[in-house]
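Text of query-v8.txt, listed as compact mmCIF, C-alpha atoms:
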# COMPACT_ATOMS: atom_id res chain seq x y z
CA MET A 1301 0.00 0.00 0.00
CA ASN A 1302 1.29 3.48 -0.69
CA THR A 1303 2.73 5.42 2.21
CA ILE A 1304 0.09 8.21 2.28
CA VAL A 1305 -2.85 5.91 2.88
CA ARG A 1306 -0.79 3.36 4.82
CA LYS A 1307 -0.17 5.89 7.57
CA GLN A 1308 -3.92 6.30 8.01
CA MET A 1309 -5.02 2.71 7.53
CA SER A 1310 -3.44 -0.59 8.51
CA ILE A 1311 -5.69 -2.56 6.17
CA HIS A 1312 -6.00 -2.39 2.38
CA PRO A 1313 -8.85 -0.15 1.13
CA ASP A 1314 -10.16 -2.77 -1.33
CA VAL A 1315 -10.17 -5.38 1.44
CA MET A 1316 -12.00 -2.87 3.65
CA ASP A 1317 -14.75 -2.66 0.99
CA LEU A 1318 -15.11 -6.44 1.05
CA LEU A 1319 -15.22 -6.42 4.86
CA ASN A 1320 -18.01 -3.84 4.72
CA ASN A 1321 -19.94 -6.15 2.39
CA GLN A 1322 -19.33 -8.93 4.90
CA ILE A 1323 -20.86 -6.80 7.69
CA ALA A 1324 -23.99 -6.47 5.54
CA MET A 1325 -24.03 -10.22 4.93
CA GLU A 1326 -23.67 -11.06 8.64
CA MET A 1327 -26.43 -8.59 9.59
CA LYS A 1328 -28.69 -10.04 6.90
CA ALA A 1329 -27.95 -13.52 8.27
CA SER A 1330 -28.80 -12.28 11.78
CA ALA A 1331 -32.14 -10.88 10.56
CA SER A 1332 -32.82 -14.09 8.69
CA TYR A 1333 -32.20 -16.19 11.83
CA LEU A 1334 -34.54 -13.90 13.74
CA ALA A 1335 -37.28 -14.63 11.18
CA MET A 1336 -36.59 -18.37 11.58
CA ALA A 1337 -36.71 -18.04 15.39
CA SER A 1338 -40.06 -16.30 15.14
CA TRP A 1339 -41.50 -19.06 12.92
CA CYS A 1340 -40.38 -21.70 15.46
CA ASP A 1341 -41.48 -19.64 18.47
CA GLN A 1342 -45.02 -19.33 17.05
CA ARG A 1343 -45.19 -23.12 16.68
CA GLU A 1344 -43.79 -23.93 20.14
CA LEU A 1345 -40.67 -25.56 18.69
CA LEU A 1346 -38.72 -24.57 21.78
CA ASN A 1347 -35.27 -25.95 21.04
CA SER A 1348 -35.24 -24.66 17.47
CA LYS A 1349 -36.48 -21.28 18.65
CA ALA A 1350 -33.68 -21.06 21.24
CA LEU A 1351 -31.08 -22.12 18.67
CA PHE A 1352 -32.16 -19.49 16.12
CA TYR A 1353 -32.38 -16.67 18.68
CA LYS A 1354 -28.83 -17.60 19.71
CA GLN A 1355 -27.71 -17.74 16.07
CA ALA A 1356 -29.22 -14.30 15.41
CA GLU A 1357 -27.17 -12.87 18.27
CA GLU A 1358 -24.02 -14.66 17.14
CA GLU A 1359 -24.27 -13.33 13.59
CA ARG A 1360 -24.68 -9.83 14.95
CA GLU A 1361 -21.59 -10.36 17.12
CA HIS A 1362 -19.66 -11.43 14.01
CA ALA A 1363 -20.78 -8.26 12.22
CA MET A 1364 -19.73 -6.17 15.21
CA LYS A 1365 -16.32 -7.85 15.34
CA ILE A 1366 -15.69 -6.86 11.71
CA PHE A 1367 -17.22 -3.41 12.25
CA GLU A 1368 -14.87 -2.61 15.11
CA PHE A 1369 -11.90 -4.19 13.32
CA ILE A 1370 -12.35 -1.83 10.34
CA ASN A 1371 -12.61 1.27 12.51
CA ASP A 1372 -9.77 0.18 14.82
CA ASN A 1373 -7.51 -0.11 11.79
CA GLY A 1374 -8.23 3.36 10.44
CA GLY A 1375 -10.95 2.44 7.96
CA ALA A 1376 -14.61 3.43 7.76
CA ALA A 1377 -17.14 0.80 8.79
CA ILE A 1378 -20.54 1.21 7.15
CA SER A 1379 -23.78 0.39 8.95
CA PRO A 1380 -25.65 -1.68 6.37
CA ASN A 1381 -29.19 -1.67 4.99
CA VAL A 1382 -30.92 -4.95 5.75
CA THR A 1383 -33.81 -5.55 3.37
CA ASN A 1384 -35.76 -8.42 1.82
CA VAL A 1385 -35.70 -10.70 4.86
CA ASN A 1386 -37.77 -13.81 4.20
CA ASN A 1387 -40.31 -14.56 6.94
CA ASP A 1388 -42.18 -17.21 5.01
CA PHE A 1389 -41.14 -20.85 5.50
CA GLU A 1390 -42.78 -24.13 4.58
CA SER A 1391 -41.36 -26.51 7.18
CA LEU A 1392 -38.81 -26.90 9.95
CA ILE A 1393 -36.51 -28.96 7.77
CA SER A 1394 -36.59 -26.32 5.03
CA ILE A 1395 -35.57 -23.75 7.65
CA TYR A 1396 -32.53 -25.83 8.61
CA GLU A 1397 -31.67 -26.40 4.94
CA THR A 1398 -31.84 -22.64 4.32
CA ALA A 1399 -29.70 -22.03 7.42
CA LEU A 1400 -27.01 -24.42 6.14
CA GLU A 1401 -27.04 -22.79 2.68
CA GLN A 1402 -26.76 -19.38 4.33
CA GLU A 1403 -23.77 -20.50 6.40
CA ILE A 1404 -22.08 -21.93 3.31
CA SER A 1405 -22.44 -18.64 1.43
CA VAL A 1406 -21.04 -16.75 4.43
CA THR A 1407 -18.06 -19.14 4.48
CA GLN A 1408 -17.50 -18.64 0.74
CA SER A 1409 -17.63 -14.89 1.18
CA ILE A 1410 -15.03 -15.03 3.98
CA PHE A 1411 -12.78 -17.17 1.75
CA LYS A 1412 -13.08 -14.47 -0.93
CA ILE A 1413 -11.93 -11.76 1.49
CA PHE A 1414 -9.15 -13.99 2.80
CA LYS A 1415 -7.89 -14.49 -0.75
CA ALA A 1416 -8.11 -10.74 -1.48
CA ALA A 1417 -6.23 -9.94 1.74
CA ARG A 1418 -3.52 -12.42 0.86
CA LYS A 1419 -3.23 -11.01 -2.67
CA ALA A 1420 -2.94 -7.46 -1.31
CA ASP A 1421 -0.36 -8.50 1.35
CA ASP A 1422 -2.86 -7.39 4.00
CA TYR A 1423 -1.61 -9.73 6.73
CA ILE A 1424 -3.56 -7.97 9.48
CA THR A 1425 -6.89 -8.85 7.86
CA GLU A 1426 -5.65 -12.32 6.95
CA VAL A 1427 -4.85 -13.15 10.58
CA PHE A 1428 -8.10 -11.52 11.75
CA LEU A 1429 -10.13 -13.70 9.38
CA GLN A 1430 -8.61 -16.96 10.60
CA TRP A 1431 -10.96 -16.92 13.61
CA PHE A 1432 -13.92 -16.54 11.26
CA ILE A 1433 -12.87 -19.51 9.15
CA THR A 1434 -12.75 -21.78 12.20
CA GLU A 1435 -16.07 -20.36 13.39
CA GLN A 1436 -17.71 -20.99 10.01
CA ALA A 1437 -16.57 -24.62 10.02
CA GLU A 1438 -18.31 -25.01 13.40
CA GLU A 1439 -21.49 -23.28 12.20
CA GLU A 1440 -21.72 -25.48 9.12
CA ASP A 1441 -21.19 -28.57 11.28
CA THR A 1442 -24.01 -27.51 13.65
CA PHE A 1443 -26.58 -27.35 10.85
CA ARG A 1444 -25.28 -30.42 9.05
CA SER A 1445 -25.64 -32.46 12.27
CA ILE A 1446 -29.20 -31.18 12.79
CA LEU A 1447 -30.14 -32.17 9.24
CA ASP A 1448 -28.74 -35.63 10.05
CA ILE A 1449 -31.18 -35.81 12.99
CA PHE A 1450 -34.05 -35.14 10.57
CA GLY A 1451 -32.80 -38.01 8.41
CA LEU A 1452 -32.46 -40.39 11.38
CA MET A 1453 -35.89 -39.49 12.82
CA GLU A 1454 -37.79 -39.44 9.57
CA GLY A 1455 -41.53 -39.84 10.11
CA MET A 1456 -41.42 -38.89 13.80
CA PRO A 1457 -43.62 -36.04 15.12
CA LEU A 1458 -42.05 -32.60 14.65
CA LYS A 1459 -42.13 -31.87 18.37
CA MET A 1460 -40.03 -34.99 19.09
CA ILE A 1461 -37.48 -34.02 16.46
CA ASP A 1462 -37.32 -30.53 17.94
CA GLU A 1463 -36.63 -31.97 21.38
CA ARG A 1464 -33.54 -33.73 19.98
CA ILE A 1465 -32.06 -30.53 18.61
CA PRO A 1466 -29.13 -29.34 20.71
CA THR A 1467 -29.42 -25.83 22.05
CA GLU A 1468 -25.80 -25.47 23.15
CA MET B 1391 -2.99 17.73 -32.49
CA ASN B 1392 -4.69 19.68 -29.75
CA THR B 1393 -3.31 18.60 -26.41
CA GLU B 1394 -4.72 21.42 -24.35
CA ILE B 1395 -6.04 20.34 -20.97
CA HIS B 1396 -9.20 22.06 -19.80
CA THR B 1397 -8.32 22.65 -16.18
CA ASN B 1398 -11.40 24.79 -15.53
CA THR B 1399 -13.64 21.72 -15.42
CA SER B 1400 -11.22 19.39 -13.75
CA TYR B 1401 -11.37 17.88 -10.28
CA GLN B 1402 -8.17 17.28 -8.39
CA ILE B 1403 -7.29 15.82 -5.04
CA GLU B 1404 -4.11 16.70 -3.22
CA HIS B 1405 -2.62 15.27 -0.09
CA LEU B 1406 -1.50 18.18 2.08
CA THR B 1407 -0.52 16.95 5.53
CA PHE B 1408 -0.78 13.71 7.47
CA CYS B 1409 -4.56 13.82 7.72
CA LYS B 1410 -5.53 16.66 5.42
CA TYR B 1411 -6.59 16.40 1.81
CA VAL B 1412 -7.88 19.03 -0.58
CA LEU B 1413 -10.46 18.55 -3.30
CA ARG B 1414 -10.19 21.25 -5.94
CA THR B 1415 -13.36 21.67 -7.97
CA PRO B 1416 -13.89 24.27 -10.73
CA SER B 1417 -15.80 26.47 -8.31
CA LYS B 1418 -14.26 25.84 -4.90
CA THR B 1419 -11.56 24.20 -2.86
CA ILE B 1420 -12.74 21.79 -0.20
CA SER B 1421 -10.66 20.58 2.73
CA LEU B 1422 -11.11 16.92 3.60
CA SER B 1423 -10.00 14.89 6.58
CA PHE B 1424 -9.10 11.22 5.99
CA PRO B 1425 -12.50 9.87 7.18
CA GLN B 1426 -14.17 12.37 4.84
CA MET B 1427 -11.94 11.11 2.02
CA LEU B 1428 -13.01 7.53 2.78
CA GLU B 1429 -16.65 8.58 2.68
CA LEU B 1430 -16.14 10.39 -0.64
CA ARG B 1431 -14.42 7.27 -2.02
CA ARG B 1432 -17.35 5.11 -0.93
CA LYS B 1433 -19.95 7.43 -2.47
CA ILE B 1434 -18.05 7.79 -5.75
CA ASN B 1435 -17.48 4.03 -6.02
CA GLU B 1436 -21.18 3.47 -5.42
CA LEU B 1437 -22.19 6.08 -8.02
CA THR B 1438 -19.82 4.73 -10.66
CA SER B 1439 -20.98 1.13 -10.56
CA TYR B 1440 -22.35 -0.06 -13.92
CA SER B 1441 -25.98 -0.07 -12.79
CA SER B 1442 -25.71 3.26 -11.03
CA LEU B 1443 -24.11 4.98 -14.05
CA ASN B 1444 -26.89 3.62 -16.29
CA ARG B 1445 -29.51 4.91 -13.90
CA ILE B 1446 -27.93 8.39 -13.85
CA ILE B 1447 -27.65 8.49 -17.66
CA ASP B 1448 -31.26 7.35 -18.08
CA ASN B 1449 -32.54 9.99 -15.67
CA GLU B 1450 -31.16 13.40 -14.80
CA ASN B 1451 -27.64 12.82 -16.20
CA PHE B 1452 -25.92 14.47 -13.27
CA VAL B 1453 -25.45 13.94 -9.54
CA LEU B 1454 -25.45 16.28 -6.59
CA LEU B 1455 -23.08 15.04 -3.96
CA PHE B 1456 -22.59 16.12 -0.38
CA VAL B 1457 -18.94 16.10 0.67
CA ALA B 1458 -16.95 16.84 3.83
CA ASP B 1459 -19.68 15.92 6.32
CA LYS B 1460 -22.37 17.72 4.28
CA GLN B 1461 -20.56 21.03 4.45
CA HIS B 1462 -20.37 21.24 0.64
CA LEU B 1463 -22.57 20.22 -2.23
CA ILE B 1464 -20.94 19.49 -5.58
CA PHE B 1465 -22.49 19.11 -8.99
CA LEU B 1466 -21.04 16.36 -11.16
CA GLU B 1467 -21.83 15.31 -14.69
CA ILE B 1468 -20.78 11.87 -15.90
CA PRO B 1469 -17.28 12.81 -17.21
CA GLN B 1470 -16.54 14.69 -14.00
CA LEU B 1471 -17.81 11.79 -11.93
CA LEU B 1472 -15.49 9.41 -13.75
CA GLN B 1473 -12.60 11.82 -13.45
CA LEU B 1474 -13.13 12.11 -9.71
CA LYS B 1475 -13.22 8.32 -9.45
CA GLU B 1476 -9.81 8.17 -11.13
CA GLU B 1477 -8.41 10.88 -8.88
CA ILE B 1478 -9.55 8.99 -5.79
CA ALA B 1479 -8.25 5.70 -7.17
CA LEU B 1480 -4.85 7.38 -7.60
CA ILE B 1481 -4.79 8.44 -3.97
CA PHE B 1482 -5.65 4.90 -2.84
CA HIS B 1483 -3.56 3.16 -5.49
CA THR B 1484 -1.04 0.64 -4.33
CA PRO B 1485 1.94 0.44 -6.66
CA ASP B 1486 3.37 -2.99 -7.30
CA THR B 1487 6.54 -3.73 -5.44
CA ILE B 1488 9.56 -2.97 -7.57
CA LEU B 1489 12.31 -5.52 -7.24
CA VAL B 1490 15.73 -3.94 -7.60

Here is a file; write its structure as structure tokens.
Amino acid sequence: MNTIVRKQMSIHPDVMDLLNNQIAMEMKASASYLAMASWCDQRELLNSKALFYKQAEEEREHAMKIFEFINDNGGAAISPNVTNVNNDFESLISIYETALEQEISVTQSIFKIFKAARKADDYITEVFLQWFITEQAEEEDTFRSILDIFGLMEGMPLKMIDERIPTE
Amino acid sequence: MNTEIHTNTSYQIEHLTFCKYVLRTPSKTISLSFPQMLELRRKINELTSYSSLNRIIDNENFVLLFVADKQHLIFLEIPQLLQLKEEIALIFHTPDTILV
């Protein structure tokens, strides 16, 4: 990075733009989990409801981590618009399938920023993102395991499946 | 060949001190801090995306842009918008490492 901007910012400006997009993505994911939590809450699916409320908070925490990272490193974090949140679901399993797809696209997006940071020799962002990569692997595993429960308990009442869903 | 540069319509950005930049427009000179520069960069990048440029061309064909924490309002037509984008890109440009 050139010396003028480098003195003001520790991270690369193009990588900062991608991180700002990531904040928007994490906040959208948080809003999406909130919609899923509401669907479950209305149907007394207590474990699923608890899991999605927790997920909504976690996604917001991820967004805040990136938000503060950008500002702490001299950049400008942008508070995103969150629009077009889907509140309409057909079944509990479709919610979990959507959640897994959402987590996979978040992981892919983080990989994209990681690659950009590496290409721009932005080691600060690269190291910062390592935590997110580990976290994403865990998130994907959570939803994959829950979808396995649906497969194993096929045909059982929804309430019984919900009771098997881990909340921690 | 006419190589005259029309400086009266040009937009320039200069880096003055550690955290002070100056945007020279045909009508005024605007002082910018680094966060204000970042905000200008974000707005210009947003306005010069393919879809945004098409929308501007299809409608009013100009943009009015607040800069420096809304202390100034600048009028930009498409060529000036693109010129400003290049000026900002130059400020933020990272030259490739030269191996000696």

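Each of B:Val1412, B:Leu1437, B:Ile1420, B:Leu1428 was compared to chain A using all atoms listed in the file, and B:Leu1428 turns out to be the nearest.
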
Excluding range 1448-1459 of chain B and its own-chain neighbours fewer than 5 positions away, which residues fall within 6 Å of it when counting all atoms listed in the file? Please give them as a VMD selection string.
chain B and resid 1422 1426 1464 to 1467

A straight line from CA of Phe1408 in chain B to CA of Met1309 in chain A spans 11.8 Å

Go through chain A residue by residue and, counting only C-alpha atoms, keep those with an atom at most 10 Å from chain B; for each kept residue give the shortest atom pair and its distance in Å to one decimal, ordered by chain and increasing number, as a Markdown table.
| residue | atom | partner | partner_atom | distance |
| --- | --- | --- | --- | --- |
| A:Met1301 | CA | B:Thr1484 | CA | 4.5 |
| A:Asn1302 | CA | B:Thr1484 | CA | 5.2 |
| A:Thr1303 | CA | B:Thr1484 | CA | 8.9 |
| A:Ile1304 | CA | B:Phe1408 | CA | 7.6 |
| A:Val1305 | CA | B:Phe1482 | CA | 6.4 |
| A:Arg1306 | CA | B:Phe1482 | CA | 9.2 |
| A:Lys1307 | CA | B:Phe1408 | CA | 7.8 |
| A:Gln1308 | CA | B:Phe1424 | CA | 7.4 |
| A:Met1309 | CA | B:Phe1424 | CA | 9.6 |
| A:His1312 | CA | B:Thr1484 | CA | 8.9 |
| A:Pro1313 | CA | B:Phe1482 | CA | 7.2 |
| A:Asp1314 | CA | B:Phe1482 | CA | 9.0 |
| A:Asp1317 | CA | B:Arg1432 | CA | 8.4 |
| A:Gly1374 | CA | B:Pro1425 | CA | 8.4 |
| A:Gly1375 | CA | B:Leu1428 | CA | 7.5 |
| A:Ala1376 | CA | B:Leu1428 | CA | 6.6 |
| A:Ala1377 | CA | B:Glu1429 | CA | 9.9 |
| A:Ile1378 | CA | B:Glu1429 | CA | 9.5 |
| A:Ala1420 | CA | B:Thr1484 | CA | 8.9 |

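Counting from CA of Glu1468 in chain A, the distance to CA of Lys1354 in chain A is 9.1 Å.
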
Env of range 1432-1443 of chain A: 8 Å cut, atoms = only C-alpha atoms, seq-sep filter 4 positions within chain, self excluded. Answer as a PyMOL selection string.
chain A and resi 1396-1397+1399-1400+1403-1404+1406-1407+1410-1411+1428+1447

Might I get the box with edges along x, y and z of the file that holds all atoms of range 1444-1448 of chain B listed there, padded by 8 Å on every side, given as centre and edge lengths in Å to one decimal, as JSON?
{"center_x": -29.1, "center_y": 6.1, "center_z": -16.0, "size_x": 20.4, "size_y": 20.9, "size_z": 20.2}

Selected residue of minimal separation from His1462 in chain B among B:Ile1447, B:Ile1478, B:Leu1413, B:Ile1434, counting all atoms listed in the file
B:Leu1413

Using only C-alpha atoms, determine which residues lie at most 8 Å from Ala1329 in chain A, disregarding the query and same-chain residues fewer than 6 positions distant; provide the list as a PyMOL selection string.
chain A and resi 1356+1359+1402

Would you save the residues of that selection, restricted to C-alpha atoms, as a short mmCIF file (atom, residue, chain, number, x, y, z; two decimals), keeping the file's coordinate frame?
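Generated output (result-v7.cif):
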data_model
loop_
_atom_site.label_atom_id
_atom_site.label_comp_id
_atom_site.auth_asym_id
_atom_site.auth_seq_id
_atom_site.Cartn_x
_atom_site.Cartn_y
_atom_site.Cartn_z
CA ALA A 1356 -29.22 -14.30 15.41
CA GLU A 1359 -24.27 -13.33 13.59
CA GLN A 1402 -26.76 -19.38 4.33
#
